[in-house]
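Since the structure comes first, as structure tokens, the remarks are kept for the end.
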Amino acid sequence: MASVASVGVVGAAYAQTLTIETDKDSYASGDEITISGQLTAPTINQPILIRVFDPDGNFVRSEILDAAADGSYSYTFTSGGPLMAKSGTYRVQATYAGTVNQETTFEFQATEETWRTFNIRVGGQTFPVQYRITGGSVQNMVPDEATATLTVTISSTSDGNLQIRLPRNVIDSRDGADGRSGSDLDFAVFIDDENVTPEQTEATVDRRTLSIDFANGTETIEIVGTWAVPEFGAIAAIVLAVAIVGIIVATARYGKFNFAPRL
């Protein structure tokens with residue numbers, strides 16, 4: 001149990017105290033971290049600000065909490081993701097009314113999460129899409145050519161992050177007339193129909209990688225570009241065209257296919 005600390009601010013007619021602690025001393029990637037404490041004040045009329053900083057002092061996350069009637073508060077989140085990629089001592093700060101501050105620390109061991117693969121089946125072809133997720137699991141991925149959208153269905157258990165490598169032969173976002181050429185454009189991302197701004201962490205000739213934070217309870221993440229793989233891929237279209245030509249030739253040459261109604 002991380003040590004409990006407190007601070008008091010004494011005024012002319014009142015005093016305020018604040019404590020903060022974490023439920024464990026150390027964590028690894030994917031663990032849930034619970035920050036809690038107690039606020040003592042004559043009147044609790046402002047929220048508590050929680051901020052987390054990495055070993056280099058970089059901001060990781062924040063949350064604004066309303067203390068309960070008895071002054072207690074608690075905040076839980078899942079560790080890991082791109083902002084918690086460093087191992088070391090993390091600092092947690094709680095602030096009330098802008099003047100009452102308290103801090104504690106915890107140790108964090110970052111582990112490299114394995115990229116998983118989801119195979120999208122379109123037009124008889126398989127398109128592998130790699131992803132990493134914290135705070136939930138991926139249930140399905142479906143591309144839509146008409147809207148140039150890749151819809152990712154997830155089951156979330158807490159606030160988390162989805163990192164997804166988008167193959168350019170599955171979905172892309174560019175300024176060319178065909179949607180597949182020209183300079184890269186930003187993808188539009190919607191979490192349960194709410195527009196969010198993802199972080200693009202990689203762009204190569206073959207793929208683009210997005211990092212998307214989501215809240216507990218999220219069910220769908222829609223990634224919208226300018227082009228998505230059609231229902232019939234290139235190979236499937238060629239096979240279909242050859243089959244149609246074969247039927248036409250056979251009909252003309254041998255009269256084996258007669259679709260006219262019999263009298």
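To be explicit about the labels: the chains of the structure tokens are called A, B, and onward in the order shown, and within each one the residues are counted from 1, while ligands get numbers from 1 in the order they are shown.
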
Exercise. Per DSSP on the backbone, what are the strand (DSSP E) residues of segment 44-166 of chain A, as JSON, numbers by chain?
Worked result: {"A": [48, 49, 50, 51, 52, 53, 59, 60, 61, 62, 63, 64, 65, 72, 73, 74, 75, 76, 77, 78, 88, 89, 90, 91, 92, 93, 94, 95, 96, 100, 101, 102, 103, 104, 105, 106, 107, 108, 109, 116, 117, 118, 119, 120, 121, 122, 125, 126, 127, 128, 129, 130, 131, 132, 133, 134, 135, 136, 137, 138, 139, 140, 141, 142, 143, 144, 149, 150, 151, 152, 153, 154, 155, 156, 157, 158, 159, 160, 161, 162, 163, 164, 165, 166]}

For this session: Using DSSP on the backbone, list every residue of segment 42-263 of chain A that comes out as helix (DSSP H, G or I), and give them as a list in words.
Result: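 The residues of segment 42-263 of chain A classed as helix (DSSP H, G or I) are Pro82, Leu83, Met84, Ala234, Ile235, Ala236, Ala237, Ile238, Val239, Leu240, Ala241, Val242, Ala243, Ile244, Val245, Gly246, Ile247, Ile248, Val249, Ala250, Thr251, Ala252, Arg253 and Tyr254 of chain A.
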
Go through segment 64-165 of chain A residue by residue and, counting only C-alpha atoms, keep those with an atom at most 6 Å from segment 219-225 of chain A; for each kept residue give the shortest atom pair and its distance in Å to one decimal, ordered by chain and increasing number, as a Markdown table.
```
| residue | atom | partner | partner_atom | distance |
| --- | --- | --- | --- | --- |
| A:Ala148 | CA | A:Gly225 | CA | 5.4 |
| A:Thr149 | CA | A:Val224 | CA | 4.4 |
| A:Leu150 | CA | A:Ile223 | CA | 5.1 |
| A:Thr151 | CA | A:Glu222 | CA | 4.4 |
| A:Val152 | CA | A:Ile221 | CA | 5.1 |
| A:Thr153 | CA | A:Thr220 | CA | 4.6 |
| A:Ile154 | CA | A:Glu219 | CA | 5.2 |
| A:Ser155 | CA | A:Glu219 | CA | 6.0 |
```

Exercise. Of the residues A:Gly135, A:Gly179, A:Gly30, A:Pro82, which is the one nearest to Gln200 of chain A, using only C-alpha atoms?
Worked result: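 For Gln200 of chain A, the nearest of the given residues is A:Pro82.
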
Seminar exercise, completed: For Thr218 of chain A, the closest of A:Thr95, A:Thr147, A:Thr157, A:Thr34 counting only C-alpha atoms is A:Thr157

Exercise. Quick one: distance from atom CA of Met84 of chain A to atom CA of Asp54 of chain A in Å, one decimal?
Worked result: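 Pair atom CA of Met84 of chain A / atom CA of Asp54 of chain A returns 7.0 Å.
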
Name all residues at most 7 Å from segment 101-111 of chain A (count only C-alpha atoms; drop same-chain ones fewer than 2 positions away) and give them as an mmCIF file with all heavy atoms, in the first residue's frame.
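Heads up, here's the output in around16.cif:
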```cif
data_model
loop_
_atom_site.group_PDB
_atom_site.id
_atom_site.type_symbol
_atom_site.label_atom_id
_atom_site.label_comp_id
_atom_site.auth_asym_id
_atom_site.auth_seq_id
_atom_site.Cartn_x
_atom_site.Cartn_y
_atom_site.Cartn_z
ATOM 1 N N SER A 6 -0.775 13.732 4.028
ATOM 2 C CA SER A 6 -1.816 14.735 4.172
ATOM 3 C C SER A 6 -1.189 16.093 4.312
ATOM 4 O O SER A 6 -0.029 16.241 4.658
ATOM 5 C CB SER A 6 -2.709 14.421 5.384
ATOM 6 O OG SER A 6 -1.939 14.515 6.563
ATOM 7 N N VAL A 7 -2.004 17.098 4.021
ATOM 8 C CA VAL A 7 -1.553 18.473 4.148
ATOM 9 C C VAL A 7 -2.702 19.297 4.684
ATOM 10 O O VAL A 7 -3.855 19.037 4.359
ATOM 11 C CB VAL A 7 -1.056 19.035 2.790
ATOM 12 C CG1 VAL A 7 -2.175 19.080 1.777
ATOM 13 C CG2 VAL A 7 -0.453 20.424 2.965
ATOM 14 N N LEU A 18 -6.301 17.030 2.971
ATOM 15 C CA LEU A 18 -6.495 16.164 1.817
ATOM 16 C C LEU A 18 -5.495 15.018 1.899
ATOM 17 O O LEU A 18 -4.311 15.239 2.206
ATOM 18 C CB LEU A 18 -6.273 16.947 0.523
ATOM 19 C CG LEU A 18 -6.479 16.214 -0.801
ATOM 20 C CD1 LEU A 18 -7.944 15.817 -0.983
ATOM 21 C CD2 LEU A 18 -6.017 17.089 -1.968
ATOM 22 N N THR A 19 -5.945 13.799 1.673
ATOM 23 C CA THR A 19 -5.039 12.651 1.625
ATOM 24 C C THR A 19 -5.137 11.997 0.256
ATOM 25 O O THR A 19 -6.121 12.179 -0.475
ATOM 26 C CB THR A 19 -5.375 11.603 2.704
ATOM 27 O OG1 THR A 19 -6.659 11.027 2.418
ATOM 28 C CG2 THR A 19 -5.400 12.243 4.092
ATOM 29 N N ILE A 20 -4.104 11.231 -0.101
ATOM 30 C CA ILE A 20 -4.088 10.523 -1.379
ATOM 31 C C ILE A 20 -3.275 9.249 -1.229
ATOM 32 O O ILE A 20 -2.265 9.222 -0.514
ATOM 33 C CB ILE A 20 -3.511 11.405 -2.513
ATOM 34 C CG1 ILE A 20 -3.586 10.672 -3.856
ATOM 35 C CG2 ILE A 20 -2.094 11.833 -2.209
ATOM 36 C CD1 ILE A 20 -3.195 11.541 -5.047
ATOM 37 N N GLU A 21 -3.715 8.177 -1.894
ATOM 38 C CA GLU A 21 -2.998 6.914 -1.880
ATOM 39 C C GLU A 21 -3.371 6.102 -3.118
ATOM 40 O O GLU A 21 -4.371 6.390 -3.786
ATOM 41 C CB GLU A 21 -3.314 6.110 -0.620
ATOM 42 C CG GLU A 21 -4.770 5.673 -0.528
ATOM 43 C CD GLU A 21 -5.047 4.862 0.725
ATOM 44 O OE1 GLU A 21 -4.092 4.570 1.471
ATOM 45 O OE2 GLU A 21 -6.217 4.524 0.950
ATOM 46 N N ASP A 25 1.610 -0.617 -4.484
ATOM 47 C CA ASP A 25 2.869 0.113 -4.644
ATOM 48 C C ASP A 25 3.377 0.085 -6.076
ATOM 49 O O ASP A 25 4.073 1.003 -6.513
ATOM 50 C CB ASP A 25 3.954 -0.476 -3.734
ATOM 51 C CG ASP A 25 3.694 -0.176 -2.267
ATOM 52 O OD1 ASP A 25 3.118 0.877 -1.980
ATOM 53 O OD2 ASP A 25 4.066 -1.011 -1.419
ATOM 54 N N SER A 26 3.063 -1.001 -6.815
ATOM 55 C CA SER A 26 3.599 -1.154 -8.159
ATOM 56 C C SER A 26 2.577 -1.821 -9.069
ATOM 57 O O SER A 26 1.696 -2.565 -8.603
ATOM 58 C CB SER A 26 4.897 -1.970 -8.134
ATOM 59 O OG SER A 26 4.664 -3.271 -7.629
ATOM 60 N N TYR A 27 2.743 -1.565 -10.367
ATOM 61 C CA TYR A 27 1.816 -2.079 -11.369
ATOM 62 C C TYR A 27 2.584 -2.464 -12.625
ATOM 63 O O TYR A 27 3.723 -2.036 -12.848
ATOM 64 C CB TYR A 27 0.770 -1.026 -11.745
ATOM 65 C CG TYR A 27 0.003 -0.463 -10.575
ATOM 66 C CD1 TYR A 27 0.476 0.644 -9.872
ATOM 67 C CD2 TYR A 27 -1.204 -1.025 -10.183
ATOM 68 C CE1 TYR A 27 -0.221 1.160 -8.801
ATOM 69 C CE2 TYR A 27 -1.916 -0.500 -9.104
ATOM 70 C CZ TYR A 27 -1.423 0.588 -8.421
ATOM 71 O OH TYR A 27 -2.123 1.103 -7.365
ATOM 72 N N ALA A 28 1.917 -3.262 -13.487
ATOM 73 C CA ALA A 28 2.440 -3.601 -14.808
ATOM 74 C C ALA A 28 1.398 -3.211 -15.846
ATOM 75 O O ALA A 28 0.243 -2.909 -15.503
ATOM 76 C CB ALA A 28 2.752 -5.094 -14.897
ATOM 77 N N SER A 29 1.795 -3.191 -17.094
ATOM 78 C CA SER A 29 0.882 -2.801 -18.172
ATOM 79 C C SER A 29 -0.389 -3.648 -18.128
ATOM 80 O O SER A 29 -0.341 -4.871 -17.989
ATOM 81 C CB SER A 29 1.557 -2.985 -19.534
ATOM 82 O OG SER A 29 2.639 -2.098 -19.681
ATOM 83 N N GLY A 80 -0.994 1.520 -18.920
ATOM 84 C CA GLY A 80 -0.483 1.157 -20.232
ATOM 85 C C GLY A 80 -0.887 2.154 -21.294
ATOM 86 O O GLY A 80 -1.388 3.240 -20.997
ATOM 87 N N ALA A 85 4.344 4.446 -21.605
ATOM 88 C CA ALA A 85 5.256 3.514 -22.278
ATOM 89 C C ALA A 85 6.589 3.378 -21.557
ATOM 90 O O ALA A 85 7.436 2.582 -21.968
ATOM 91 C CB ALA A 85 5.490 3.966 -23.714
ATOM 92 N N LYS A 86 6.797 4.155 -20.488
ATOM 93 C CA LYS A 86 8.077 4.137 -19.771
ATOM 94 C C LYS A 86 7.927 3.477 -18.414
ATOM 95 O O LYS A 86 6.934 3.688 -17.708
ATOM 96 C CB LYS A 86 8.603 5.565 -19.588
ATOM 97 C CG LYS A 86 8.930 6.271 -20.894
ATOM 98 C CD LYS A 86 9.459 7.675 -20.632
ATOM 99 C CE LYS A 86 9.809 8.369 -21.946
ATOM 100 N NZ LYS A 86 10.323 9.741 -21.727
ATOM 101 N N SER A 87 8.933 2.695 -18.052
ATOM 102 C CA SER A 87 8.966 2.100 -16.715
ATOM 103 C C SER A 87 9.606 3.086 -15.744
ATOM 104 O O SER A 87 10.435 3.921 -16.130
ATOM 105 C CB SER A 87 9.776 0.804 -16.731
ATOM 106 O OG SER A 87 9.200 -0.145 -17.595
ATOM 107 N N GLY A 88 9.205 3.000 -14.475
ATOM 108 C CA GLY A 88 9.808 3.877 -13.479
ATOM 109 C C GLY A 88 8.817 4.338 -12.436
ATOM 110 O O GLY A 88 7.750 3.729 -12.256
ATOM 111 N N THR A 89 9.145 5.435 -11.774
ATOM 112 C CA THR A 89 8.310 5.983 -10.705
ATOM 113 C C THR A 89 7.377 7.041 -11.270
ATOM 114 O O THR A 89 7.814 8.046 -11.825
ATOM 115 C CB THR A 89 9.181 6.610 -9.600
ATOM 116 O OG1 THR A 89 10.065 5.615 -9.089
ATOM 117 C CG2 THR A 89 8.311 7.145 -8.467
ATOM 118 N N TYR A 90 6.083 6.806 -11.103
ATOM 119 C CA TYR A 90 5.060 7.756 -11.560
ATOM 120 C C TYR A 90 4.544 8.560 -10.366
ATOM 121 O O TYR A 90 4.467 8.054 -9.246
ATOM 122 C CB TYR A 90 3.895 7.020 -12.226
ATOM 123 C CG TYR A 90 4.192 6.617 -13.657
ATOM 124 C CD1 TYR A 90 5.153 5.655 -13.944
ATOM 125 C CD2 TYR A 90 3.509 7.207 -14.720
ATOM 126 C CE1 TYR A 90 5.437 5.285 -15.249
ATOM 127 C CE2 TYR A 90 3.781 6.840 -16.036
ATOM 128 C CZ TYR A 90 4.742 5.883 -16.293
ATOM 129 O OH TYR A 90 5.023 5.520 -17.593
ATOM 130 N N ARG A 91 4.225 9.810 -10.628
ATOM 131 C CA ARG A 91 3.765 10.716 -9.580
ATOM 132 C C ARG A 91 2.282 11.037 -9.788
ATOM 133 O O ARG A 91 1.839 11.317 -10.898
ATOM 134 C CB ARG A 91 4.590 12.007 -9.622
ATOM 135 C CG ARG A 91 4.226 13.052 -8.590
ATOM 136 C CD ARG A 91 5.293 14.149 -8.548
ATOM 137 N NE ARG A 91 5.520 14.729 -9.858
ATOM 138 C CZ ARG A 91 4.895 15.819 -10.307
ATOM 139 N NH1 ARG A 91 4.008 16.436 -9.528
ATOM 140 N NH2 ARG A 91 5.165 16.311 -11.504
ATOM 141 N N VAL A 92 1.521 10.979 -8.694
ATOM 142 C CA VAL A 92 0.092 11.297 -8.727
ATOM 143 C C VAL A 92 -0.158 12.501 -7.826
ATOM 144 O O VAL A 92 0.272 12.524 -6.679
ATOM 145 C CB VAL A 92 -0.767 10.110 -8.244
ATOM 146 C CG1 VAL A 92 -2.252 10.426 -8.436
ATOM 147 C CG2 VAL A 92 -0.389 8.836 -8.969
ATOM 148 N N GLN A 93 -0.867 13.489 -8.362
ATOM 149 C CA GLN A 93 -1.127 14.709 -7.607
ATOM 150 C C GLN A 93 -2.633 14.952 -7.503
ATOM 151 O O GLN A 93 -3.368 14.824 -8.487
ATOM 152 C CB GLN A 93 -0.472 15.908 -8.296
ATOM 153 C CG GLN A 93 -0.641 17.231 -7.558
ATOM 154 C CD GLN A 93 -0.025 18.381 -8.323
ATOM 155 O OE1 GLN A 93 -0.574 18.849 -9.312
ATOM 156 N NE2 GLN A 93 1.148 18.832 -7.869
ATOM 157 N N ALA A 94 -3.087 15.285 -6.312
ATOM 158 C CA ALA A 94 -4.485 15.659 -6.077
ATOM 159 C C ALA A 94 -4.520 17.116 -5.635
ATOM 160 O O ALA A 94 -3.723 17.549 -4.808
ATOM 161 C CB ALA A 94 -5.111 14.774 -5.004
ATOM 162 N N THR A 95 -5.452 17.865 -6.207
ATOM 163 C CA THR A 95 -5.576 19.291 -5.891
ATOM 164 C C THR A 95 -7.033 19.619 -5.595
ATOM 165 O O THR A 95 -7.940 19.218 -6.333
ATOM 166 C CB THR A 95 -5.086 20.168 -7.064
ATOM 167 O OG1 THR A 95 -3.734 19.840 -7.366
ATOM 168 C CG2 THR A 95 -5.177 21.644 -6.716
ATOM 169 N N TYR A 96 -7.237 20.380 -4.511
ATOM 170 C CA TYR A 96 -8.583 20.857 -4.165
ATOM 171 C C TYR A 96 -8.543 22.367 -3.986
ATOM 172 O O TYR A 96 -7.664 22.912 -3.311
ATOM 173 C CB TYR A 96 -9.080 20.210 -2.874
ATOM 174 C CG TYR A 96 -10.433 20.727 -2.438
ATOM 175 C CD1 TYR A 96 -11.582 20.364 -3.134
ATOM 176 C CD2 TYR A 96 -10.561 21.593 -1.361
ATOM 177 C CE1 TYR A 96 -12.825 20.847 -2.759
ATOM 178 C CE2 TYR A 96 -11.794 22.076 -0.970
ATOM 179 C CZ TYR A 96 -12.936 21.712 -1.684
ATOM 180 O OH TYR A 96 -14.155 22.202 -1.316
ATOM 181 N N THR A 99 -5.494 25.202 -4.065
ATOM 182 C CA THR A 99 -4.461 25.521 -3.064
ATOM 183 C C THR A 99 -4.062 24.312 -2.234
ATOM 184 O O THR A 99 -2.945 24.253 -1.729
ATOM 185 C CB THR A 99 -4.949 26.624 -2.118
ATOM 186 O OG1 THR A 99 -6.173 26.210 -1.497
ATOM 187 C CG2 THR A 99 -5.190 27.927 -2.880
ATOM 188 N N GLU A 113 3.263 -4.749 -25.469
ATOM 189 C CA GLU A 113 2.095 -5.556 -25.770
ATOM 190 C C GLU A 113 2.218 -6.156 -27.169
ATOM 191 O O GLU A 113 2.701 -5.525 -28.101
ATOM 192 C CB GLU A 113 0.822 -4.700 -25.686
ATOM 193 C CG GLU A 113 0.581 -4.115 -24.303
ATOM 194 C CD GLU A 113 -0.590 -3.157 -24.314
ATOM 195 O OE1 GLU A 113 -1.536 -3.397 -25.080
ATOM 196 O OE2 GLU A 113 -0.549 -2.168 -23.582
#
```

Problem set entry | d(atom CA of Thr209 of chain A, atom CA of Ser62 of chain A) in Å |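 Pair atom CA of Thr209 of chain A / atom CA of Ser62 of chain A returns 24.7 Å.
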
Problem set entry | For Trp227 of chain A, the nearest of the candidates A:Asp175, A:Val189, A:Glu145, A:Asp159, counting only C-alpha atoms |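 The closest residue to Trp227 of chain A is A:Glu145.
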
For this session: Choose the residue, out of A:Phe187, A:Leu83, A:Glu202, A:Asp23, that has the smallest atom-to-atom separation from Phe53 of chain A; count only C-alpha atoms.
Result: A:Leu83

Exercise. A:Phe77, A:Phe190, A:Ala15, A:Arg61: which is nearest Ile33 of chain A, counting only C-alpha atoms?
Worked result: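 Looking at the shortest contact to Ile33 of chain A, the residue is A:Phe77.
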